[in-house]
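File shown here: coords.tsv, holding TSV, C-alpha atoms.
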```
chain	number	residue	atom	x	y	z
A	841	MET	CA	109.98	-20.96	-73.74
A	842	ARG	CA	107.78	-23.27	-71.70
A	843	SER	CA	109.09	-26.72	-72.52
A	844	PRO	CA	111.48	-28.32	-70.02
A	845	ARG	CA	112.76	-30.52	-72.86
A	846	ALA	CA	113.63	-27.50	-75.00
A	847	TYR	CA	115.33	-25.85	-72.02
A	848	SER	CA	117.41	-28.97	-71.41
A	849	ALA	CA	118.23	-29.36	-75.10
A	850	ILE	CA	119.40	-25.76	-75.51
A	851	SER	CA	121.43	-25.93	-72.30
A	852	ALA	CA	122.94	-29.29	-73.31
A	853	VAL	CA	124.00	-27.96	-76.72
A	854	LEU	CA	125.50	-24.77	-75.30
A	855	THR	CA	127.29	-26.54	-72.45
A	856	GLY	CA	128.42	-29.36	-74.73
A	857	THR	CA	129.86	-26.94	-77.27
A	858	ILE	CA	131.95	-25.19	-74.62
A	859	ALA	CA	132.93	-28.57	-73.15
A	860	LEU	CA	134.12	-29.78	-76.55
A	861	TYR	CA	136.09	-26.59	-77.12
A	862	ILE	CA	137.93	-26.61	-73.80
A	863	ALA	CA	138.52	-30.38	-74.00
A	864	LEU	CA	140.20	-29.85	-77.38
A	865	VAL	CA	142.23	-26.96	-75.97
A	866	ALA	CA	143.43	-29.10	-73.06
A	867	PHE	CA	144.11	-32.05	-75.38
A	868	GLY	CA	146.10	-29.79	-77.71
A	869	ASN	CA	148.13	-28.40	-74.82
A	870	ILE	CA	148.91	-31.91	-73.61
A	871	THR	CA	149.74	-33.45	-76.99
A	872	ASP	CA	151.54	-30.37	-78.39
A	873	PHE	CA	153.02	-29.27	-75.09
A	874	ASP	CA	155.86	-27.18	-76.53
A	875	THR	CA	153.83	-24.74	-78.64
A	876	ASN	CA	151.84	-23.12	-75.85
A	877	GLN	CA	154.64	-23.71	-73.35
A	878	GLN	CA	156.62	-21.19	-75.42
A	879	PHE	CA	153.64	-18.83	-75.35
A	880	VAL	CA	153.44	-18.95	-71.54
A	881	ARG	CA	157.21	-18.60	-71.17
A	882	HIS	CA	157.36	-15.50	-73.39
A	883	VAL	CA	154.35	-13.84	-71.73
A	884	LEU	CA	155.73	-14.41	-68.23
A	885	ALA	CA	159.27	-13.41	-69.23
A	886	MET	CA	157.89	-10.24	-70.86
A	887	ASP	CA	160.67	-10.55	-73.43
A	888	THR	CA	158.61	-9.20	-76.32
A	889	THR	CA	157.09	-6.22	-74.51
A	890	PHE	CA	158.29	-2.62	-74.59
A	891	LYS	CA	160.97	-3.38	-71.95
A	892	ASP	CA	159.80	-0.53	-69.73
A	893	ASP	CA	161.96	-0.57	-66.57
A	894	ASP	CA	158.91	0.34	-64.51
A	895	LEU	CA	157.25	-2.93	-65.60
A	896	MET	CA	160.07	-5.39	-66.19
A	897	TRP	CA	160.44	-6.18	-62.47
A	898	ARG	CA	157.21	-8.17	-62.90
A	899	ALA	CA	158.81	-10.60	-65.35
A	900	ILE	CA	159.18	-14.25	-64.33
A	901	THR	CA	162.27	-15.65	-66.01
A	902	SER	CA	162.55	-18.92	-64.12
A	903	THR	CA	161.63	-21.69	-66.57
A	904	ALA	CA	160.61	-23.87	-63.62
A	905	LEU	CA	158.03	-21.28	-62.49
A	906	GLN	CA	156.90	-20.68	-66.07
A	907	ASP	CA	156.42	-24.41	-66.65
A	908	THR	CA	154.61	-24.78	-63.33
A	909	ALA	CA	152.18	-22.05	-64.41
A	910	TYR	CA	151.66	-23.79	-67.76
A	911	VAL	CA	150.98	-27.18	-66.16
A	912	ALA	CA	148.53	-25.49	-63.76
A	913	ILE	CA	146.73	-23.93	-66.73
A	914	ILE	CA	146.45	-27.32	-68.45
A	915	ALA	CA	145.20	-28.96	-65.24
A	916	TRP	CA	142.58	-26.20	-64.79
A	917	GLU	CA	141.44	-26.56	-68.42
A	918	THR	CA	141.19	-30.33	-68.04
A	919	VAL	CA	139.11	-30.14	-64.87
A	920	ALA	CA	136.85	-27.50	-66.45
A	921	ALA	CA	136.37	-29.75	-69.49
A	922	LEU	CA	135.48	-32.72	-67.30
A	923	VAL	CA	133.00	-30.66	-65.27
A	924	LEU	CA	131.37	-29.33	-68.45
A	925	LEU	CA	131.24	-32.79	-70.02
A	926	ALA	CA	129.54	-34.11	-66.89
A	927	ALA	CA	127.13	-31.16	-66.98
A	928	THR	CA	126.33	-31.93	-70.62
A	929	ALA	CA	125.46	-35.50	-69.66
A	930	MET	CA	123.26	-34.18	-66.86
A	931	TRP	CA	121.43	-31.92	-69.30
A	932	GLY	CA	120.94	-34.97	-71.48
A	933	ALA	CA	119.32	-36.72	-68.53
A	934	GLY	CA	117.07	-33.67	-68.21
A	935	LEU	CA	115.82	-34.37	-71.73
A	936	ARG	CA	114.52	-37.70	-70.43
A	937	GLY	CA	112.61	-36.01	-67.65
A	938	GLY	CA	115.31	-35.85	-64.99
A	939	GLY	CA	115.99	-32.85	-62.82
A	940	VAL	CA	118.17	-30.09	-64.19
A	941	ARG	CA	119.26	-28.33	-61.00
A	942	ARG	CA	122.51	-30.31	-60.79
A	943	ALA	CA	123.14	-29.84	-64.51
A	944	ARG	CA	122.74	-26.07	-64.10
A	945	GLN	CA	125.03	-26.10	-61.05
A	946	ALA	CA	127.71	-28.14	-62.83
A	947	SER	CA	127.49	-25.92	-65.90
A	948	THR	CA	127.84	-22.87	-63.67
A	949	VAL	CA	130.96	-24.27	-62.00
A	950	GLY	CA	132.59	-25.22	-65.32
A	951	LEU	CA	131.75	-21.94	-67.02
A	952	LEU	CA	132.97	-19.90	-64.05
A	953	MET	CA	136.20	-21.90	-64.12
A	954	LEU	CA	136.70	-20.82	-67.73
A	955	MET	CA	135.80	-17.23	-66.95
A	956	LEU	CA	138.32	-17.19	-64.12
A	957	LEU	CA	141.06	-18.71	-66.27
A	958	PHE	CA	140.50	-16.56	-69.33
A	959	GLY	CA	139.29	-13.41	-67.56
A	960	ALA	CA	141.43	-13.23	-64.44
A	961	GLY	CA	144.28	-15.40	-65.73
A	962	PHE	CA	144.82	-14.38	-69.34
A	963	ILE	CA	143.10	-10.99	-69.67
A	964	ALA	CA	143.92	-9.46	-66.27
A	965	ILE	CA	147.15	-11.15	-65.20
A	966	GLY	CA	148.62	-12.00	-68.61
A	967	GLY	CA	147.29	-8.97	-70.42
A	968	GLU	CA	147.82	-6.30	-67.80
A	969	TRP	CA	150.25	-7.54	-65.14
A	970	PHE	CA	152.62	-9.12	-67.66
A	971	ALA	CA	151.78	-6.53	-70.37
A	972	MET	CA	150.88	-9.17	-72.95
A	973	TRP	CA	149.00	-6.46	-74.86
A	974	GLN	CA	152.38	-4.96	-75.79
A	975	SER	CA	153.56	-8.06	-77.63
A	976	LYS	CA	152.88	-8.44	-81.33
A	977	GLN	CA	153.96	-12.10	-81.35
A	978	TRP	CA	152.69	-13.44	-78.00
A	979	ASN	CA	149.38	-11.64	-77.49
A	980	GLY	CA	146.48	-13.94	-76.65
A	981	LEU	CA	144.03	-11.26	-75.51
A	982	GLU	CA	141.66	-11.63	-78.47
A	983	ALA	CA	141.31	-15.40	-78.00
A	984	ALA	CA	140.98	-15.03	-74.22
A	985	THR	CA	138.31	-12.35	-74.60
A	986	ARG	CA	136.39	-14.54	-77.02
A	987	VAL	CA	136.34	-17.52	-74.61
A	988	PHE	CA	135.50	-15.28	-71.66
A	989	LEU	CA	132.56	-13.67	-73.48
A	990	ILE	CA	131.18	-16.89	-74.94
A	991	SER	CA	131.36	-18.60	-71.54
A	992	GLY	CA	129.60	-15.62	-69.96
A	993	ILE	CA	126.86	-15.62	-72.58
A	994	VAL	CA	126.25	-19.35	-72.11
A	995	LEU	CA	126.20	-18.88	-68.33
A	996	LEU	CA	123.65	-16.07	-68.63
A	997	LEU	CA	121.45	-17.99	-71.04
A	998	ILE	CA	121.39	-21.07	-68.84
A	999	HIS	CA	120.31	-18.99	-65.88
A	1000	LEU	CA	117.90	-16.77	-67.81
A	1001	LEU	CA	116.23	-19.82	-69.32
A	1002	ALA	CA	115.92	-21.29	-65.83
A	1003	THR	CA	114.33	-18.06	-64.56
A	1004	GLU	CA	111.89	-17.98	-67.46
A	1005	ARG	CA	110.66	-21.51	-66.85
A	1006	ALA	CA	110.62	-21.32	-63.06
A	1007	GLU	CA	107.21	-21.62	-61.52
A	1008	PRO	CA	106.23	-20.99	-57.89
A	1009	ASP	CA	105.95	-24.70	-57.12
A	1010	SER	CA	108.92	-25.78	-59.27
A	1011	THR	CA	111.65	-27.92	-57.71
A	1012	ASP	CA	114.28	-26.71	-60.17
```
Please re-express this file's structure in structure tokens.
Amino acid sequence: MRSPRAYSAISAVLTGTIALYIALVAFGNITDFDTNQQFVRHVLAMDTTFKDDDLMWRAITSTALQDTAYVAIIAWETVAALVLLAATAMWGAGLRGGGVRRARQASTVGLLMLMLLFGAGFIAIGGEWFAMWQSKQWNGLEAATRVFLISGIVLLLIHLLATERAEPDSTD
């Protein structure tokens, strides 16, 4: 691909799609607070796992700590959505001939925020530390893996497209 406009358009669509998704997730968590609050509480309490004594010491049963974790998740999602929305606007400016370096940087920050939340937060900590994989009712590993992988693919594409169009005298 040689066209800077095509590069910006593809990057804007990919970033915008992820921005829309995470904005809706954050909005849903804010407006329907109780549904996912229960999810976080059950995962942290480990009350639907195998109840292995060697693991149960990890459980967090304090509702104050559980709710603090949930609010932190919502705040992180909200900030990631705002960063990705801003990046989408920057890509849009790139369609009009503006620079794309800042758009790529903002996209990278937002996408890495999602990969940290869903990879380190939900897959590693929720899935392994709190044994979420053992729960039939409160297992979010499939959804977390999906978001982690999609974010990673978009991140790779944005950077691969940038590498493909880079020229020795390019400022981007």
Checklist line | d(atom CA of A:Thr889, atom CA of A:Gly967) in Å | finding: 11.0 Å
Next item on the list: Extract, using only C-alpha atoms, all DNA, RNA and protein residues at most 12 Å from A:Met955, discarding same-chain residues fewer than 5 positions from it, and format them as a ChimeraX atom specification.
Entry: /A:858,862,916-917,920,948-950,960-964,984-995
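Nearest to A:Thr918 of all the residues A:Ser902, A:Gln877, A:Asn869, A:Gln945 is A:Asn869, counting only C-alpha atoms.
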Next item on the list: Could you check how far atom CA of A:Leu922 sits from atom CA of A:Tyr861, in Å to one decimal?
Entry: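 It comes out at 11.6 Å.
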Mind running stretch 881-964 of chain A against stretch 844-850 of chain A at 10 Å and telling me each contacting residue's nearest atom pair with the distance in Å (one decimal), counting only C-alpha atoms, chain and number ascending, as JSON lines?
```
{"residue": "A:Thr928", "atom": "CA", "partner": "A:Ser848", "partner_atom": "CA", "distance": 9.4}
{"residue": "A:Met930", "atom": "CA", "partner": "A:Ser848", "partner_atom": "CA", "distance": 9.1}
{"residue": "A:Trp931", "atom": "CA", "partner": "A:Ser848", "partner_atom": "CA", "distance": 5.4}
{"residue": "A:Gly932", "atom": "CA", "partner": "A:Ser848", "partner_atom": "CA", "distance": 7.0}
{"residue": "A:Ala933", "atom": "CA", "partner": "A:Ser848", "partner_atom": "CA", "distance": 8.5}
{"residue": "A:Gly934", "atom": "CA", "partner": "A:Ser848", "partner_atom": "CA", "distance": 5.7}
{"residue": "A:Leu935", "atom": "CA", "partner": "A:Arg845", "partner_atom": "CA", "distance": 5.0}
{"residue": "A:Arg936", "atom": "CA", "partner": "A:Arg845", "partner_atom": "CA", "distance": 7.8}
{"residue": "A:Gly937", "atom": "CA", "partner": "A:Arg845", "partner_atom": "CA", "distance": 7.6}
{"residue": "A:Gly938", "atom": "CA", "partner": "A:Ser848", "partner_atom": "CA", "distance": 9.6}
{"residue": "A:Gly939", "atom": "CA", "partner": "A:Ser848", "partner_atom": "CA", "distance": 9.5}
{"residue": "A:Val940", "atom": "CA", "partner": "A:Ser848", "partner_atom": "CA", "distance": 7.3}
{"residue": "A:Ala943", "atom": "CA", "partner": "A:Ser848", "partner_atom": "CA", "distance": 9.0}
{"residue": "A:Arg944", "atom": "CA", "partner": "A:Ser848", "partner_atom": "CA", "distance": 9.5}
```
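Ranking A:Ala929, A:Ile913, A:Asp887, A:Gln878 by their shortest atom-to-atom distance to A:Gly856, with all atoms listed in the file included, puts A:Ala929 first.
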Check: Suppose you want the space between atom CA of A:Met972 and atom CA of A:Val883; what is it in Å?
Finding: 5.9 Å
